[in-house]
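So this block is run16.tsv, TSV, C-alpha atoms:
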chain	number	residue	atom	x	y	z
A	1	GLY	CA	81.72	86.26	104.21
A	2	GLU	CA	80.54	83.00	102.79
A	3	SER	CA	76.83	82.92	101.99
A	4	VAL	CA	74.87	79.92	103.14
A	5	GLY	CA	72.05	78.87	100.89
A	6	LEU	CA	68.88	77.08	101.80
A	7	HIS	CA	69.22	73.34	101.92
A	8	LEU	CA	67.11	72.24	98.99
A	9	PRO	CA	65.74	68.71	99.22
A	10	THR	CA	66.44	66.73	96.07
A	11	LEU	CA	64.58	63.95	94.37
A	12	SER	CA	65.86	61.86	91.48
A	13	VAL	CA	63.50	59.61	89.55
A	14	GLN	CA	63.71	57.49	86.44
A	15	GLU	CA	61.82	58.67	83.39
A	16	GLY	CA	58.40	57.08	83.36
A	17	ASP	CA	58.22	56.56	87.12
A	18	ASN	CA	55.85	58.47	89.37
A	19	SER	CA	57.20	61.28	91.55
A	20	ILE	CA	55.95	62.43	94.92
A	21	ILE	CA	57.05	65.78	96.29
A	22	ASN	CA	56.14	66.68	99.83
A	23	CYS	CA	55.61	69.96	101.62
A	24	ALA	CA	54.90	70.81	105.24
A	25	TYR	CA	53.08	74.10	105.53
A	26	SER	CA	53.26	76.36	108.51
A	27	ASN	CA	49.89	77.87	109.32
A	28	SER	CA	46.80	75.86	110.20
A	29	ALA	CA	44.65	78.83	109.12
A	30	SER	CA	45.96	78.69	105.53
A	31	ASP	CA	43.11	77.88	103.21
A	32	TYR	CA	44.53	78.01	99.71
A	33	PHE	CA	47.59	76.24	98.35
A	34	ILE	CA	49.42	76.30	95.04
A	35	TRP	CA	52.18	74.16	93.61
A	36	TYR	CA	54.64	75.92	91.33
A	37	LYS	CA	57.37	74.63	89.06
A	38	GLN	CA	60.44	76.78	88.49
A	39	GLU	CA	62.97	76.05	85.79
A	40	SER	CA	66.39	77.62	85.78
A	41	GLY	CA	66.27	81.28	84.76
A	42	LYS	CA	62.46	81.45	84.75
A	43	GLY	CA	59.71	82.58	87.05
A	44	PRO	CA	57.55	80.06	88.93
A	45	GLN	CA	54.94	78.41	86.75
A	46	PHE	CA	51.52	77.48	88.15
A	47	ILE	CA	50.89	73.73	88.20
A	48	ILE	CA	47.85	73.04	90.34
A	49	ASP	CA	46.02	74.48	93.31
A	50	ILE	CA	43.73	73.26	96.07
A	51	ARG	CA	41.49	74.91	98.64
A	52	SER	CA	41.20	73.76	102.22
A	53	ASN	CA	37.69	72.37	101.71
A	54	MET	CA	39.18	69.64	99.51
A	55	ASP	CA	41.69	66.91	100.23
A	56	LYS	CA	42.53	65.90	96.66
A	57	ARG	CA	42.59	67.54	93.28
A	58	GLN	CA	43.72	66.13	89.96
A	59	GLY	CA	45.08	67.77	86.87
A	60	GLN	CA	46.81	66.48	83.81
A	61	ARG	CA	49.43	64.01	85.10
A	62	VAL	CA	49.46	65.79	88.48
A	63	THR	CA	47.56	65.24	91.72
A	64	VAL	CA	47.70	67.34	94.86
A	65	LEU	CA	46.81	65.87	98.24
A	66	LEU	CA	46.08	67.98	101.28
A	67	ASN	CA	46.18	66.67	104.85
A	68	LYS	CA	45.08	69.47	107.13
A	69	THR	CA	45.47	67.38	110.26
A	70	VAL	CA	49.23	67.26	109.89
A	71	LYS	CA	49.57	70.37	107.71
A	72	HIS	CA	50.99	68.44	104.78
A	73	LEU	CA	50.73	68.82	101.03
A	74	SER	CA	52.00	66.49	98.38
A	75	LEU	CA	52.34	66.74	94.62
A	76	GLN	CA	52.24	63.54	92.63
A	77	ILE	CA	53.50	63.56	89.05
A	78	ALA	CA	52.58	60.55	86.97
A	79	ALA	CA	54.91	59.13	84.30
A	80	THR	CA	57.62	61.69	85.03
A	81	GLN	CA	59.33	63.12	81.97
A	82	PRO	CA	62.71	64.87	81.51
A	83	GLY	CA	60.84	68.15	81.03
A	84	ASP	CA	59.56	67.82	84.60
A	85	SER	CA	63.07	68.44	85.95
A	86	ALA	CA	62.83	71.67	87.93
A	87	VAL	CA	62.44	73.05	91.44
A	88	TYR	CA	58.94	72.63	92.85
A	89	PHE	CA	57.50	74.97	95.47
A	90	CYS	CA	54.39	74.79	97.54
A	91	ALA	CA	52.80	78.10	98.52
A	92	GLU	CA	50.15	78.77	101.17
A	93	ASN	CA	47.72	81.65	101.49
A	94	LEU	CA	45.86	82.88	104.54
A	95	ASN	CA	43.09	84.54	102.52
A	96	THR	CA	44.07	87.93	103.87
A	97	GLY	CA	45.08	89.08	100.45
A	98	ASN	CA	47.44	87.69	97.89
A	99	GLN	CA	50.39	87.19	100.22
A	100	PHE	CA	51.70	83.68	99.72
A	101	TYR	CA	54.27	81.94	101.88
A	102	PHE	CA	56.59	79.68	99.95
A	103	GLY	CA	58.35	76.53	101.04
A	104	THR	CA	62.06	76.07	100.41
A	105	GLY	CA	61.42	74.00	97.31
A	106	THR	CA	62.37	70.52	96.12
A	107	SER	CA	64.71	69.94	93.22
A	108	LEU	CA	63.44	67.18	90.95
A	109	THR	CA	65.82	65.51	88.52
A	110	VAL	CA	64.48	63.07	85.97
A	111	ILE	CA	66.96	60.51	84.74
A	112	PRO	CA	66.39	59.51	81.10
B	1	LYS	CA	46.35	86.21	76.54
B	2	ALA	CA	49.80	87.63	77.25
B	3	GLY	CA	51.43	86.66	80.52
B	4	VAL	CA	53.02	88.82	83.18
B	5	THR	CA	55.86	90.88	81.79
B	6	GLN	CA	58.72	92.42	83.72
B	7	THR	CA	61.31	94.94	82.65
B	8	PRO	CA	64.20	95.04	82.60
B	9	ARG	CA	65.17	91.38	82.73
B	10	TYR	CA	68.69	92.06	83.97
B	11	LEU	CA	70.15	94.98	85.85
B	12	ILE	CA	73.55	95.76	87.34
B	13	LYS	CA	73.86	98.54	89.89
B	14	THR	CA	76.40	99.65	92.46
B	15	ARG	CA	75.93	100.08	96.18
B	16	GLY	CA	74.12	103.25	97.16
B	17	GLN	CA	72.25	103.60	93.88
B	18	GLN	CA	68.54	103.21	93.53
B	19	VAL	CA	66.58	101.08	91.06
B	20	THR	CA	63.06	100.90	89.66
B	21	LEU	CA	61.58	97.68	88.31
B	22	SER	CA	58.41	97.44	86.28
B	23	CYS	CA	55.67	94.84	86.03
B	24	SER	CA	52.71	94.59	83.67
B	25	PRO	CA	50.09	92.11	84.91
B	26	ILE	CA	47.93	89.83	82.83
B	27	SER	CA	45.17	91.80	81.16
B	28	GLY	CA	42.21	92.14	83.51
B	29	HIS	CA	44.20	91.28	86.62
B	30	ARG	CA	44.00	93.91	89.32
B	31	SER	CA	46.30	92.53	92.00
B	32	VAL	CA	50.08	92.66	91.70
B	33	SER	CA	52.44	91.12	94.24
B	34	TRP	CA	56.21	91.37	94.42
B	35	TYR	CA	58.60	88.75	95.74
B	36	GLN	CA	62.34	88.58	96.27
B	37	GLN	CA	64.10	85.30	95.56
B	38	THR	CA	67.60	84.59	96.85
B	39	PRO	CA	69.54	81.36	97.39
B	40	GLY	CA	69.79	82.15	101.09
B	41	GLN	CA	66.21	83.14	101.89
B	42	GLY	CA	64.16	81.58	99.13
B	43	LEU	CA	61.02	83.31	97.91
B	44	GLN	CA	59.92	86.11	100.20
B	45	PHE	CA	56.88	88.35	99.88
B	46	LEU	CA	57.57	92.06	99.52
B	47	PHE	CA	54.15	93.67	99.04
B	48	GLU	CA	50.85	93.44	97.21
B	49	TYR	CA	48.96	96.16	95.40
B	50	PHE	CA	45.30	96.13	94.48
B	51	SER	CA	43.45	99.04	92.89
B	52	GLU	CA	46.46	101.30	93.40
B	53	THR	CA	46.55	100.59	97.15
B	54	GLN	CA	49.07	98.58	99.10
B	55	ARG	CA	47.07	95.73	100.66
B	56	ASN	CA	49.80	93.66	102.28
B	57	LYS	CA	53.42	94.23	103.14
B	58	GLY	CA	56.16	91.78	103.97
B	59	ASN	CA	59.01	92.21	106.40
B	60	PHE	CA	61.37	94.33	104.34
B	61	PRO	CA	62.97	97.69	105.21
B	62	GLY	CA	61.51	100.95	104.02
B	63	ARG	CA	64.11	101.13	101.25
B	64	PHE	CA	61.77	98.82	99.35
B	65	SER	CA	58.68	100.56	98.06
B	66	GLY	CA	56.18	100.17	95.30
B	67	ARG	CA	53.20	101.63	93.59
B	68	GLN	CA	50.45	100.66	91.22
B	69	PHE	CA	48.96	102.69	88.43
B	70	SER	CA	45.36	102.94	87.30
B	71	ASN	CA	46.04	100.43	84.50
B	72	SER	CA	47.26	97.93	87.16
B	73	ARG	CA	50.87	98.17	86.05
B	74	SER	CA	53.18	98.26	89.03
B	75	GLU	CA	56.66	99.44	89.85
B	76	MET	CA	58.90	98.67	92.76
B	77	ASN	CA	61.78	100.82	93.88
B	78	VAL	CA	64.78	99.99	95.98
B	79	SER	CA	66.79	102.92	97.29
B	80	THR	CA	70.32	102.96	98.68
B	81	LEU	CA	71.14	99.55	97.28
B	82	GLU	CA	73.11	97.07	99.36
B	83	LEU	CA	75.04	94.02	98.22
B	84	GLY	CA	72.40	91.82	99.87
B	85	ASP	CA	69.72	93.22	97.57
B	86	SER	CA	71.13	91.14	94.73
B	87	ALA	CA	68.29	88.81	93.88
B	88	LEU	CA	65.66	87.76	91.40
B	89	TYR	CA	62.67	90.06	91.82
B	90	LEU	CA	59.44	88.42	90.79
B	91	CYS	CA	56.10	89.97	90.07
B	92	ALA	CA	52.87	87.98	90.23
B	93	SER	CA	49.41	89.00	89.13
B	94	SER	CA	45.98	87.82	90.25
B	95	LEU	CA	42.49	88.55	89.07
B	96	ASP	CA	41.30	89.87	92.40
B	97	SER	CA	42.65	90.47	95.85
B	98	PHE	CA	41.77	87.55	98.08
B	99	GLY	CA	43.19	84.10	97.65
B	100	ASP	CA	43.29	84.10	93.87
B	101	THR	CA	45.68	82.14	91.73
B	102	GLN	CA	48.93	84.02	91.21
B	103	TYR	CA	50.77	83.93	87.92
B	104	PHE	CA	54.40	84.92	87.87
B	105	GLY	CA	56.48	86.87	85.42
B	106	PRO	CA	60.02	85.87	84.40
B	107	GLY	CA	61.61	88.13	86.98
B	108	THR	CA	64.26	90.84	86.99
B	109	ARG	CA	67.74	89.69	87.95
B	110	LEU	CA	69.34	92.51	89.96
B	111	THR	CA	73.04	92.41	90.71
B	112	VAL	CA	74.49	94.95	93.13
B	113	LEU	CA	78.25	95.46	92.94
What does this structure look like when you write it as structure tokens?
Amino acid sequence: GESVGLHLPTLSVQEGDNSIINCAYSNSASDYFIWYKQESGKGPQFIIDIRSNMDKRQGQRVTVLLNKTVKHLSLQIAATQPGDSAVYFCAENLNTGNQFYFGTGTSLTVIP
Amino acid sequence: KAGVTQTPRYLIKTRGQQVTLSCSPISGHRSVSWYQQTPGQGLQFLFEYFSETQRNKGNFPGRFSGRQFSNSRSEMNVSTLELGDSALYLCASSLDSFGDTQYFGPGTRLTVL
């Protein structure tokens, strides 16, 4: 029969603009979160992480915001570049081991 | 430092066969987790191994199994392959067992005909 894939949210931005990718996580007990970037044909690549005792963390061109009240994560990419085009996943961990739960992902396309 | 390596990168099998995939973690990492990625289900956790012991297991049938060796290298095995097992199988390694950053390998693309 026909396979039905996950509906992947998409985001298109102009090169040089800022991008914001959102993620709603599922478990209020999750205490560690990672954002990954996955390019076609490759494994997920670590971008930035945040623990539940923080609400903001910054890296190079990226910022992660955590709102535990509404169980929401966001990834902000500054000055988006064509090389940022990929699928972005948020992953949550319950600190019961290294079992991470992944969101469905957001496909980011950067328009030159 | 070398990243996570997985072999083989591509594999084609037929229904009913079994397959073994291999993962070498980053040097010094003791935890290895396996995930299945499909267009229909996304990234799903299979199991995690730490110090040769299975620490966590996802919701997959018993046809999916794994093991870890004393050098932290890990293998996963899928027996009696089904068409629905076609997927990208990803291995991730972490330094320790609890809530550590996971780094992924490139994956093994398994196609079941």
### Message
Using all atoms listed in the file and a distance of at most 10 Å, pull out the residues of chain A that contact chain B, as a ChimeraX atom specification.
### Response
/A:3-8,30-34,36,38,41-46,48-49,51,89,91-105
### Message
Within 10 Å of (59.6, 68.7, 82.7) in the file's own coordinates, which protein, DNA or RNA residues have an atom, counting all atoms listed in the file? List them as a ChimeraX atom specification.
### Response
/A:37-39,80-86,108-110
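Atom to atom, atom CA of B:Lys13 and atom CA of B:Gly84 stand 12.1 Å apart.
Here atom CA of B:Ser72 stands at a distance of 26.5 Å from atom CA of B:Gln17.
Interatomic distance, atom CA of B:Val112 against atom CA of A:Pro9: 28.3 Å.
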### Query
Which polymer residues have any atom within 6 Å of an atom of A:Leu73, counting only C-alpha atoms, with same-chain residues fewer than 2 positions away left out, as a list of chain:residue names?
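So, after excluding close chain neighbours, the residues are A:Asn22, A:Cys23, A:Leu65, A:Leu66.
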Extract, using only C-alpha atoms, all DNA, RNA and protein residues at most 6 Å from B:Gly66, discarding same-chain residues fewer than 4 positions from it, and format them as a CSV table (one decimal) with C-alpha atoms, keeping the file's coordinate frame.
chain,number,residue,atom,x,y,z
B,75,GLU,CA,56.7,99.4,89.8
B,76,MET,CA,58.9,98.7,92.8
B,77,ASN,CA,61.8,100.8,93.9
